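model_24.cif (mmCIF, C-alpha atoms, pLDDT in the B column; chains and numbers go by the auth columns)
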```cif
data_run
loop_
_atom_site.group_PDB
_atom_site.id
_atom_site.type_symbol
_atom_site.label_atom_id
_atom_site.label_comp_id
_atom_site.label_asym_id
_atom_site.label_seq_id
_atom_site.Cartn_x
_atom_site.Cartn_y
_atom_site.Cartn_z
_atom_site.B_iso_or_equiv
_atom_site.auth_seq_id
_atom_site.auth_asym_id
ATOM 1 C CA MET A 1 0.006 1.783 12.873 78.00 1 H
ATOM 2 C CA ALA A 2 2.262 4.681 11.965 79.00 2 H
ATOM 3 C CA GLU A 3 0.962 7.769 10.230 85.00 3 H
ATOM 4 C CA LEU A 4 2.678 8.705 6.965 84.00 4 H
ATOM 5 C CA ASN A 5 4.447 11.681 8.567 83.00 5 H
ATOM 6 C CA GLU A 6 5.755 9.442 11.384 84.00 6 H
ATOM 7 C CA ILE A 7 7.540 7.015 9.079 86.00 7 H
ATOM 8 C CA LEU A 8 11.278 7.556 8.886 83.00 8 H
ATOM 9 C CA GLY A 9 12.999 7.825 5.516 86.00 9 H
ATOM 10 C CA ASN A 10 11.685 7.401 1.986 90.00 10 H
ATOM 11 C CA GLU A 11 10.728 11.072 1.828 93.00 11 H
ATOM 12 C CA ARG A 12 10.286 10.955 -1.951 94.00 12 H
ATOM 13 C CA ILE A 13 7.740 8.129 -1.671 95.00 13 H
ATOM 14 C CA LYS A 14 5.808 9.893 1.091 94.00 14 H
ATOM 15 C CA GLU A 15 5.779 13.100 -0.965 95.00 15 H
ATOM 16 C CA HIS A 16 4.485 11.138 -3.968 96.00 16 H
ATOM 17 C CA PHE A 17 1.560 9.814 -1.908 95.00 17 H
ATOM 18 C CA ILE A 18 0.782 13.240 -0.422 94.00 18 H
ATOM 19 C CA THR A 19 0.806 14.858 -3.872 94.00 19 H
ATOM 20 C CA ALA A 20 -1.374 12.097 -5.335 95.00 20 H
ATOM 21 C CA VAL A 21 -3.956 12.501 -2.559 94.00 21 H
ATOM 22 C CA HIS A 22 -3.849 16.310 -2.688 91.00 22 H
ATOM 23 C CA HIS A 23 -4.431 16.401 -6.453 92.00 23 H
ATOM 24 C CA LYS A 24 -6.832 13.431 -6.365 91.00 24 H
ATOM 25 C CA LYS A 25 -4.617 11.557 -8.820 95.00 25 H
ATOM 26 C CA ILE A 26 -4.471 8.141 -7.203 97.00 26 H
ATOM 27 C CA SER A 27 -3.074 5.478 -9.507 97.00 27 H
ATOM 28 C CA HIS A 28 -4.884 2.182 -9.871 97.00 28 H
ATOM 29 C CA ALA A 29 -1.686 0.177 -9.307 98.00 29 H
ATOM 30 C CA TYR A 30 1.643 0.692 -7.563 98.00 30 H
ATOM 31 C CA ILE A 31 4.742 -1.443 -7.259 98.00 31 H
ATOM 32 C CA MET A 32 6.572 -0.701 -4.041 98.00 32 H
ATOM 33 C CA GLU A 33 10.001 -2.256 -4.365 97.00 33 H
ATOM 34 C CA GLY A 34 12.626 -2.382 -1.654 96.00 34 H
ATOM 35 C CA ASP A 35 14.724 -4.646 0.488 94.00 35 H
ATOM 36 C CA LYS A 36 13.369 -6.191 3.649 91.00 36 H
ATOM 37 C CA GLY A 37 13.154 -3.460 6.286 87.00 37 H
ATOM 38 C CA SER A 38 12.576 -0.640 3.799 92.00 38 H
ATOM 39 C CA GLY A 39 9.069 0.060 5.138 92.00 39 H
ATOM 40 C CA LYS A 40 6.896 -1.264 2.314 96.00 40 H
ATOM 41 C CA LYS A 41 4.150 -2.550 4.620 96.00 41 H
ATOM 42 C CA MET A 42 4.166 0.543 6.846 95.00 42 H
ATOM 43 C CA LEU A 43 3.933 2.880 3.848 97.00 43 H
ATOM 44 C CA ALA A 44 1.191 0.763 2.244 97.00 44 H
ATOM 45 C CA GLU A 45 -0.832 0.820 5.483 97.00 45 H
ATOM 46 C CA ALA A 46 -0.367 4.569 6.037 96.00 46 H
ATOM 47 C CA PHE A 47 -1.325 5.364 2.417 97.00 47 H
ATOM 48 C CA SER A 48 -4.379 3.077 2.652 97.00 48 H
ATOM 49 C CA LYS A 49 -5.428 4.755 5.895 96.00 49 H
ATOM 50 C CA ILE A 50 -5.267 8.202 4.276 95.00 50 H
ATOM 51 C CA LEU A 51 -7.268 7.010 1.268 96.00 51 H
ATOM 52 C CA GLN A 52 -10.020 5.501 3.441 96.00 52 H
ATOM 53 C CA CYS A 53 -10.194 8.280 6.062 94.00 53 H
ATOM 54 C CA GLU A 54 -13.672 9.785 6.348 91.00 54 H
ATOM 55 C CA GLY A 55 -12.429 12.801 8.317 86.00 55 H
ATOM 56 C CA ARG A 56 -9.944 13.792 5.621 78.00 56 H
ATOM 57 C CA GLU A 57 -12.734 14.637 3.215 66.00 57 H
ATOM 58 C CA THR A 58 -14.285 17.142 5.619 64.00 58 H
ATOM 59 C CA THR A 59 -11.020 18.755 6.742 61.00 59 H
ATOM 60 C CA GLY A 60 -9.352 18.823 3.342 61.00 60 H
ATOM 61 C CA LEU A 61 -6.110 17.630 4.940 66.00 61 H
ATOM 62 C CA VAL A 62 -3.758 15.217 3.235 77.00 62 H
ATOM 63 C CA GLU A 63 -3.470 12.967 6.260 87.00 63 H
ATOM 64 C CA SER A 64 -5.729 10.617 8.160 90.00 64 H
ATOM 65 C CA CYS A 65 -7.705 12.042 11.063 89.00 65 H
ATOM 66 C CA GLY A 66 -7.111 9.021 13.311 88.00 66 H
ATOM 67 C CA LYS A 67 -10.582 9.401 14.831 91.00 67 H
ATOM 68 C CA CYS A 68 -13.170 8.356 12.254 92.00 68 H
ATOM 69 C CA GLU A 69 -14.539 4.834 12.046 95.00 69 H
ATOM 70 C CA SER A 70 -12.371 4.038 9.000 95.00 70 H
ATOM 71 C CA CYS A 71 -9.193 5.132 10.789 94.00 71 H
ATOM 72 C CA ILE A 72 -10.115 3.053 13.825 96.00 72 H
ATOM 73 C CA GLN A 73 -10.796 0.040 11.612 96.00 73 H
ATOM 74 C CA MET A 74 -7.442 0.564 9.902 96.00 74 H
ATOM 75 C CA GLU A 75 -5.725 0.685 13.308 95.00 75 H
ATOM 76 C CA HIS A 76 -7.331 -2.656 14.171 95.00 76 H
ATOM 77 C CA HIS A 77 -6.544 -4.120 10.739 94.00 77 H
ATOM 78 C CA ASP A 78 -10.200 -4.857 10.024 95.00 78 H
ATOM 79 C CA HIS A 79 -11.275 -2.326 7.402 97.00 79 H
ATOM 80 C CA PRO A 80 -13.545 -4.216 4.972 97.00 80 H
ATOM 81 C CA ASP A 81 -12.165 -2.412 1.904 98.00 81 H
ATOM 82 C CA VAL A 82 -8.466 -3.006 2.573 98.00 82 H
ATOM 83 C CA ILE A 83 -7.623 -6.565 1.602 97.00 83 H
ATOM 84 C CA TRP A 84 -4.248 -8.118 2.381 97.00 84 H
ATOM 85 C CA VAL A 85 -3.853 -10.943 -0.134 97.00 85 H
ATOM 86 C CA SER A 86 -2.823 -14.115 1.665 94.00 86 H
ATOM 87 C CA HIS A 87 -1.316 -17.330 0.383 93.00 87 H
ATOM 88 C CA GLU A 88 -1.177 -20.886 1.685 93.00 88 H
ATOM 89 C CA LYS A 89 2.235 -22.010 0.452 93.00 89 H
ATOM 90 C CA PRO A 90 5.239 -20.103 1.787 91.00 90 H
ATOM 91 C CA ASN A 91 7.005 -19.635 -1.553 94.00 91 H
ATOM 92 C CA VAL A 92 4.202 -19.112 -4.068 97.00 92 H
ATOM 93 C CA ILE A 93 1.081 -17.058 -4.589 97.00 93 H
ATOM 94 C CA SER A 94 -1.079 -19.166 -6.861 97.00 94 H
ATOM 95 C CA VAL A 95 -3.466 -18.209 -9.625 97.00 95 H
ATOM 96 C CA GLY A 96 -6.334 -19.550 -7.498 97.00 96 H
ATOM 97 C CA GLU A 97 -5.449 -17.221 -4.637 97.00 97 H
ATOM 98 C CA ILE A 98 -5.247 -14.190 -6.949 98.00 98 H
ATOM 99 C CA ARG A 99 -8.534 -15.075 -8.628 97.00 99 H
ATOM 100 C CA GLU A 100 -10.317 -15.742 -5.329 97.00 100 H
ATOM 101 C CA GLN A 101 -9.037 -12.688 -3.458 97.00 101 H
ATOM 102 C CA ILE A 102 -8.741 -10.065 -6.222 98.00 102 H
ATOM 103 C CA VAL A 103 -10.074 -10.920 -9.678 97.00 103 H
ATOM 104 C CA ASN A 104 -13.418 -12.347 -8.497 97.00 104 H
ATOM 105 C CA THR A 105 -14.059 -9.613 -5.926 97.00 105 H
ATOM 106 C CA VAL A 106 -12.768 -6.425 -7.536 97.00 106 H
ATOM 107 C CA GLU A 107 -16.067 -5.711 -9.313 96.00 107 H
ATOM 108 C CA ILE A 108 -17.902 -5.656 -5.972 97.00 108 H
ATOM 109 C CA MET A 109 -18.156 -2.027 -4.906 97.00 109 H
ATOM 110 C CA PRO A 110 -16.377 -0.952 -1.714 97.00 110 H
ATOM 111 C CA TYR A 111 -18.484 -1.612 1.383 95.00 111 H
ATOM 112 C CA LYS A 112 -17.600 1.546 3.213 92.00 112 H
ATOM 113 C CA GLY A 113 -14.703 3.577 1.884 92.00 113 H
ATOM 114 C CA PRO A 114 -14.153 5.382 -1.386 95.00 114 H
ATOM 115 C CA TYR A 115 -11.547 2.803 -2.450 97.00 115 H
ATOM 116 C CA LYS A 116 -11.138 -0.934 -2.472 98.00 116 H
ATOM 117 C CA ILE A 117 -7.453 -1.484 -1.778 98.00 117 H
ATOM 118 C CA TYR A 118 -5.636 -4.747 -2.406 98.00 118 H
ATOM 119 C CA ILE A 119 -2.185 -5.191 -0.865 98.00 119 H
ATOM 120 C CA VAL A 120 -0.090 -8.052 -2.234 98.00 120 H
ATOM 121 C CA ASP A 121 2.916 -8.502 0.044 97.00 121 H
ATOM 122 C CA GLU A 122 5.800 -10.482 -1.436 97.00 122 H
ATOM 123 C CA ALA A 123 4.295 -10.000 -4.898 98.00 123 H
ATOM 124 C CA GLU A 124 7.386 -11.580 -6.433 98.00 124 H
ATOM 125 C CA LYS A 125 5.964 -14.902 -5.210 98.00 125 H
ATOM 126 C CA MET A 126 3.087 -14.737 -7.706 98.00 126 H
ATOM 127 C CA ASN A 127 3.645 -17.473 -10.261 97.00 127 H
ATOM 128 C CA ALA A 128 3.279 -16.676 -13.972 97.00 128 H
ATOM 129 C CA ALA A 129 -0.371 -17.774 -14.050 97.00 129 H
ATOM 130 C CA ALA A 130 -1.177 -15.582 -11.024 98.00 130 H
ATOM 131 C CA GLN A 131 0.541 -12.589 -12.625 98.00 131 H
ATOM 132 C CA ASN A 132 -1.375 -13.110 -15.860 97.00 132 H
ATOM 133 C CA ALA A 133 -4.616 -13.368 -13.869 97.00 133 H
ATOM 134 C CA ILE A 134 -4.039 -10.053 -12.082 97.00 134 H
ATOM 135 C CA LEU A 135 -2.859 -8.339 -15.284 97.00 135 H
ATOM 136 C CA LYS A 136 -6.377 -7.889 -16.693 93.00 136 H
ATOM 137 C CA THR A 137 -7.476 -6.242 -13.434 95.00 137 H
ATOM 138 C CA ILE A 138 -4.455 -3.930 -13.510 97.00 138 H
ATOM 139 C CA GLU A 139 -5.147 -3.064 -17.167 95.00 139 H
ATOM 140 C CA GLU A 140 -8.876 -2.368 -16.703 94.00 140 H
ATOM 141 C CA PRO A 141 -9.558 -1.713 -13.022 95.00 141 H
ATOM 142 C CA PRO A 142 -12.767 -0.284 -11.635 97.00 142 H
ATOM 143 C CA GLU A 143 -12.431 3.408 -10.754 96.00 143 H
ATOM 144 C CA TYR A 144 -12.323 2.673 -7.016 97.00 144 H
ATOM 145 C CA ALA A 145 -9.668 -0.091 -7.096 98.00 145 H
ATOM 146 C CA VAL A 146 -6.087 0.436 -5.913 98.00 146 H
ATOM 147 C CA ILE A 147 -3.593 -2.431 -6.059 98.00 147 H
ATOM 148 C CA LEU A 148 -0.347 -2.213 -4.106 98.00 148 H
ATOM 149 C CA LEU A 149 2.247 -4.801 -5.090 98.00 149 H
ATOM 150 C CA LEU A 150 4.988 -4.984 -2.456 98.00 150 H
ATOM 151 C CA THR A 151 8.164 -6.698 -3.601 98.00 151 H
ATOM 152 C CA SER A 152 11.839 -7.073 -2.907 97.00 152 H
ATOM 153 C CA ASN A 153 12.471 -8.366 -6.447 97.00 153 H
ATOM 154 C CA ILE A 154 10.788 -6.373 -9.194 97.00 154 H
ATOM 155 C CA GLY A 155 12.550 -8.500 -11.802 97.00 155 H
ATOM 156 C CA ALA A 156 10.278 -11.404 -10.856 97.00 156 H
ATOM 157 C CA LEU A 157 7.225 -9.441 -12.065 98.00 157 H
ATOM 158 C CA LEU A 158 6.185 -9.601 -15.701 97.00 158 H
ATOM 159 C CA PRO A 159 7.262 -6.594 -17.799 98.00 159 H
ATOM 160 C CA THR A 160 3.592 -6.042 -18.704 97.00 160 H
ATOM 161 C CA ILE A 161 2.721 -5.655 -15.018 98.00 161 H
ATOM 162 C CA GLN A 162 5.701 -3.376 -14.408 98.00 162 H
ATOM 163 C CA SER A 163 4.718 -1.115 -17.312 97.00 163 H
ATOM 164 C CA ARG A 164 1.163 -0.634 -16.021 97.00 164 H
ATOM 165 C CA CYS A 165 2.031 0.319 -12.446 98.00 165 H
ATOM 166 C CA VAL A 166 3.568 3.352 -10.792 98.00 166 H
ATOM 167 C CA ARG A 167 6.934 2.144 -9.547 98.00 167 H
ATOM 168 C CA LEU A 168 8.148 3.372 -6.165 97.00 168 H
ATOM 169 C CA ASP A 169 11.665 2.370 -5.129 96.00 169 H
ATOM 170 C CA LEU A 170 12.169 2.288 -1.377 95.00 170 H
ATOM 171 C CA LYS A 171 15.441 2.436 0.501 90.00 171 H
ATOM 172 C CA VAL A 172 16.235 0.900 3.874 84.00 172 H
ATOM 173 C CA VAL A 173 16.348 3.656 6.468 76.00 173 H
ATOM 174 C CA ASP A 174 19.904 4.559 7.421 71.00 174 H
ATOM 175 C CA ASP A 175 20.885 3.532 10.963 63.00 175 H
ATOM 176 C CA SER A 176 22.096 7.067 11.726 68.00 176 H
ATOM 177 C CA LEU A 177 18.619 8.447 10.964 61.00 177 H
ATOM 178 C CA VAL A 178 17.039 5.881 13.287 62.00 178 H
ATOM 179 C CA LYS A 179 19.555 6.686 16.010 65.00 179 H
ATOM 180 C CA LYS A 180 18.927 10.438 15.668 64.00 180 H
ATOM 181 C CA TYR A 181 15.158 9.874 15.810 60.00 181 H
ATOM 182 C CA LEU A 182 15.421 7.737 18.940 64.00 182 H
ATOM 183 C CA MET A 183 17.761 10.202 20.632 67.00 183 H
ATOM 184 C CA GLU A 184 15.296 13.041 19.990 67.00 184 H
ATOM 185 C CA ARG A 185 12.350 10.968 21.212 68.00 185 H
ATOM 186 C CA LEU A 186 14.133 9.875 24.353 74.00 186 H
ATOM 187 C CA HIS A 187 15.677 13.333 24.860 67.00 187 H
ATOM 188 C CA VAL A 188 19.164 11.858 25.157 59.00 188 H
ATOM 189 C CA PRO A 189 22.020 14.309 24.550 62.00 189 H
ATOM 190 C CA ASP A 190 24.627 13.318 21.930 57.00 190 H
#
```
Same coordinates, now as structure tokens:
Amino acid sequence: MAELNEILGNERIKEHFITAVHHKKISHAYIMEGDKGSGKKMLAEAFSKILQCEGRETTGLVESCGKCESCIQMEHHDHPDVIWVSHEKPNVISVGEIREQIVNTVEIMPYKGPYKIYIVDEAEKMNAAAQNAILKTIEEPPEYAVILLLTSNIGALLPTIQSRCVRLDLKVVDDSLVKKYLMERLHVPD
């Protein structure tokens, strides 16, 4: 799992997360919109890791320590307070899945970390009933809840959901930036 400072591109988004953590102004809901390959999942994981890091609180740094139990659990994708919402059907996230995985569990305090983070990948696949079900949670979340809606089509989300979330627009990383990064890492002259 990449650390926030290791992720190429989307500097504005990374700076937003760093500022939010530094000032302790974490929003309860974010929409991360971008084309496939823009880094939505990587950024969501890195941000979640920073939020759950136990070592960060003692060092005062705005990055994950990579050594505490929470960071190790994040690396192994088994942190109990970071929930990746799953769905059975390939093209739809149903109201039942949203109720079962978010609405009915959000009131349960985090097991370990300071936050309970829900990541909904392909959020545009939530049907209207699912979006209406999650809306109440977005409107009145517990203090510790953070919902990350990852989407490549923000227009598929209800305007009421869009208006209650911090919107972060991601861009696909330019090939020249990737090439430059690889050349530096491999120490290959131009």
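What the PyMOL selection byres ((chain H and resi 4-15) around 8) matches in the given file is Ala2, Glu3, His16, Phe17, Ile18, Thr19, Met42, Leu43, Ala46, Phe47, Glu63, Leu168, Asp169, Leu170, Lys171, Val172, Val173, Asp174, Leu177 and Val178 of chain H.
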Evaluate the PyMOL selection byres ((chain H and resi 155-164) around 12) on the structure here and hand back the selected residues as a short mmCIF file (atom, residue, chain, number, x, y, z; two decimals) with C-alpha atoms, in the coordinates of the input.
```cif
data_model
loop_
_atom_site.label_atom_id
_atom_site.label_comp_id
_atom_site.auth_asym_id
_atom_site.auth_seq_id
_atom_site.Cartn_x
_atom_site.Cartn_y
_atom_site.Cartn_z
CA SER H 27 -3.07 5.48 -9.51
CA HIS H 28 -4.88 2.18 -9.87
CA ALA H 29 -1.69 0.18 -9.31
CA TYR H 30 1.64 0.69 -7.56
CA ILE H 31 4.74 -1.44 -7.26
CA MET H 32 6.57 -0.70 -4.04
CA GLU H 33 10.00 -2.26 -4.36
CA GLY H 34 12.63 -2.38 -1.65
CA VAL H 92 4.20 -19.11 -4.07
CA GLU H 122 5.80 -10.48 -1.44
CA ALA H 123 4.30 -10.00 -4.90
CA GLU H 124 7.39 -11.58 -6.43
CA LYS H 125 5.96 -14.90 -5.21
CA MET H 126 3.09 -14.74 -7.71
CA ASN H 127 3.64 -17.47 -10.26
CA ALA H 128 3.28 -16.68 -13.97
CA ALA H 129 -0.37 -17.77 -14.05
CA ALA H 130 -1.18 -15.58 -11.02
CA GLN H 131 0.54 -12.59 -12.62
CA ASN H 132 -1.38 -13.11 -15.86
CA ALA H 133 -4.62 -13.37 -13.87
CA ILE H 134 -4.04 -10.05 -12.08
CA LEU H 135 -2.86 -8.34 -15.28
CA LYS H 136 -6.38 -7.89 -16.69
CA THR H 137 -7.48 -6.24 -13.43
CA ILE H 138 -4.46 -3.93 -13.51
CA GLU H 139 -5.15 -3.06 -17.17
CA GLU H 140 -8.88 -2.37 -16.70
CA PRO H 141 -9.56 -1.71 -13.02
CA ILE H 147 -3.59 -2.43 -6.06
CA LEU H 148 -0.35 -2.21 -4.11
CA LEU H 149 2.25 -4.80 -5.09
CA LEU H 150 4.99 -4.98 -2.46
CA THR H 151 8.16 -6.70 -3.60
CA SER H 152 11.84 -7.07 -2.91
CA ASN H 153 12.47 -8.37 -6.45
CA ILE H 154 10.79 -6.37 -9.19
CA CYS H 165 2.03 0.32 -12.45
CA VAL H 166 3.57 3.35 -10.79
CA ARG H 167 6.93 2.14 -9.55
CA LEU H 168 8.15 3.37 -6.16
#
```
The distance between atom CA of H:Val120 and atom CA of H:Val85 is 5.2 Å
Check: For this file, the PyMOL selection byres ((chain H and resi 114) around 9) selects which residues, as JSON, numbers by chain?
Finding: {"H": [51, 52, 53, 54, 81, 110, 111, 112, 113, 115, 116, 144]}
Kindly save the residues from that selection, with C-alpha atoms included, as a PDB file, in the coordinates of the input.
```pdb
ATOM      1  CA  LEU H  51      -7.268   7.010   1.268  1.00 96.00           C
ATOM      2  CA  GLN H  52     -10.020   5.501   3.441  1.00 96.00           C
ATOM      3  CA  CYS H  53     -10.194   8.280   6.062  1.00 94.00           C
ATOM      4  CA  GLU H  54     -13.672   9.785   6.348  1.00 91.00           C
ATOM      5  CA  ASP H  81     -12.165  -2.412   1.904  1.00 98.00           C
ATOM      6  CA  PRO H 110     -16.377  -0.952  -1.714  1.00 97.00           C
ATOM      7  CA  TYR H 111     -18.484  -1.612   1.383  1.00 95.00           C
ATOM      8  CA  LYS H 112     -17.600   1.546   3.213  1.00 92.00           C
ATOM      9  CA  GLY H 113     -14.703   3.577   1.884  1.00 92.00           C
ATOM     10  CA  TYR H 115     -11.547   2.803  -2.450  1.00 97.00           C
ATOM     11  CA  LYS H 116     -11.138  -0.934  -2.472  1.00 98.00           C
ATOM     12  CA  TYR H 144     -12.323   2.673  -7.016  1.00 97.00           C
TER      13      TYR H 144
END
```
Computed gap from atom CA of H:Ile93 to atom CA of H:Asp35 is 19.1 Å
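Reported to one decimal place, the separation of atom CA of H:Ile83 from atom CA of H:Asp121 is 10.8 Å.
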Shortest interatomic distance to H:Val82 - which of H:His22, H:Ile98, H:Met1, H:Ser70, counting all atoms listed in the file:
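Nearest to H:Val82: H:Ser70.
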Can you tell me, as a VMD selection string, what residues are no more than 10 Å from H:Gln101 when counting only C-alpha atoms, ignoring any on the same chain fewer than 3 positions away? chain H and resid 83 to 87 95 to 98 104 to 106 118
Stretch 15-26 of chain H: axis-aligned bounding box, 6 Å on each side, centre and edge lengths in Å, one decimal, as lines of an AutoDock Vina configuration file:
```
center_x = -0.5
center_y = 12.3
center_z = -4.6
size_x = 24.6
size_y = 20.3
size_z = 20.4
```
Is there a way to complete stretch 62-71 of chain H with all heavy atoms and then write that out as a short mmCIF file (atom, residue, chain, number, x, y, z; two decimals), in the frame of the given file?
```cif
data_model
loop_
_atom_site.label_atom_id
_atom_site.label_comp_id
_atom_site.auth_asym_id
_atom_site.auth_seq_id
_atom_site.Cartn_x
_atom_site.Cartn_y
_atom_site.Cartn_z
N VAL H 62 -4.34 16.35 3.94
CA VAL H 62 -3.76 15.22 3.24
C VAL H 62 -3.11 14.29 4.26
O VAL H 62 -1.93 13.98 4.21
CB VAL H 62 -2.74 15.69 2.18
CG1 VAL H 62 -2.24 14.52 1.35
CG2 VAL H 62 -3.35 16.74 1.27
N GLU H 63 -3.89 13.92 5.24
CA GLU H 63 -3.47 12.97 6.26
C GLU H 63 -4.72 12.35 6.86
O GLU H 63 -5.83 12.87 6.69
CB GLU H 63 -2.63 13.65 7.34
CG GLU H 63 -3.35 14.79 8.03
CD GLU H 63 -2.44 15.61 8.92
OE1 GLU H 63 -1.27 15.80 8.59
OE2 GLU H 63 -2.94 16.06 9.96
N SER H 64 -4.56 11.24 7.53
CA SER H 64 -5.73 10.62 8.16
C SER H 64 -6.02 11.32 9.49
O SER H 64 -5.12 11.81 10.15
CB SER H 64 -5.47 9.12 8.37
OG SER H 64 -4.28 8.92 9.08
N CYS H 65 -7.30 11.34 9.84
CA CYS H 65 -7.70 12.04 11.06
C CYS H 65 -7.40 11.22 12.32
O CYS H 65 -7.22 11.77 13.39
CB CYS H 65 -9.19 12.40 11.01
SG CYS H 65 -10.32 10.99 11.19
N GLY H 66 -7.38 9.89 12.17
CA GLY H 66 -7.11 9.02 13.31
C GLY H 66 -8.30 8.82 14.23
O GLY H 66 -8.21 8.08 15.20
N LYS H 67 -9.43 9.46 13.93
CA LYS H 67 -10.58 9.40 14.83
C LYS H 67 -11.84 8.81 14.21
O LYS H 67 -12.71 8.33 14.94
CB LYS H 67 -10.91 10.82 15.32
CG LYS H 67 -9.79 11.42 16.14
CD LYS H 67 -10.08 12.84 16.51
CE LYS H 67 -8.92 13.37 17.32
NZ LYS H 67 -8.65 14.73 17.16
N CYS H 68 -11.95 8.86 12.90
CA CYS H 68 -13.17 8.36 12.25
C CYS H 68 -13.22 6.83 12.32
O CYS H 68 -12.23 6.17 12.66
CB CYS H 68 -13.25 8.84 10.81
SG CYS H 68 -12.02 8.09 9.70
N GLU H 69 -14.37 6.28 11.99
CA GLU H 69 -14.54 4.83 12.05
C GLU H 69 -13.56 4.11 11.12
O GLU H 69 -13.00 3.08 11.49
CB GLU H 69 -15.98 4.47 11.68
CG GLU H 69 -16.28 3.00 11.91
CD GLU H 69 -17.73 2.64 11.63
OE1 GLU H 69 -18.57 3.53 11.44
OE2 GLU H 69 -18.01 1.43 11.61
N SER H 70 -13.32 4.66 9.93
CA SER H 70 -12.37 4.04 9.00
C SER H 70 -10.96 4.00 9.58
O SER H 70 -10.26 2.99 9.47
CB SER H 70 -12.36 4.77 7.65
OG SER H 70 -13.52 4.47 6.93
N CYS H 71 -10.53 5.09 10.19
CA CYS H 71 -9.19 5.13 10.79
C CYS H 71 -9.08 4.12 11.92
O CYS H 71 -8.06 3.43 12.04
CB CYS H 71 -8.87 6.53 11.29
SG CYS H 71 -8.44 7.70 9.98
#
```
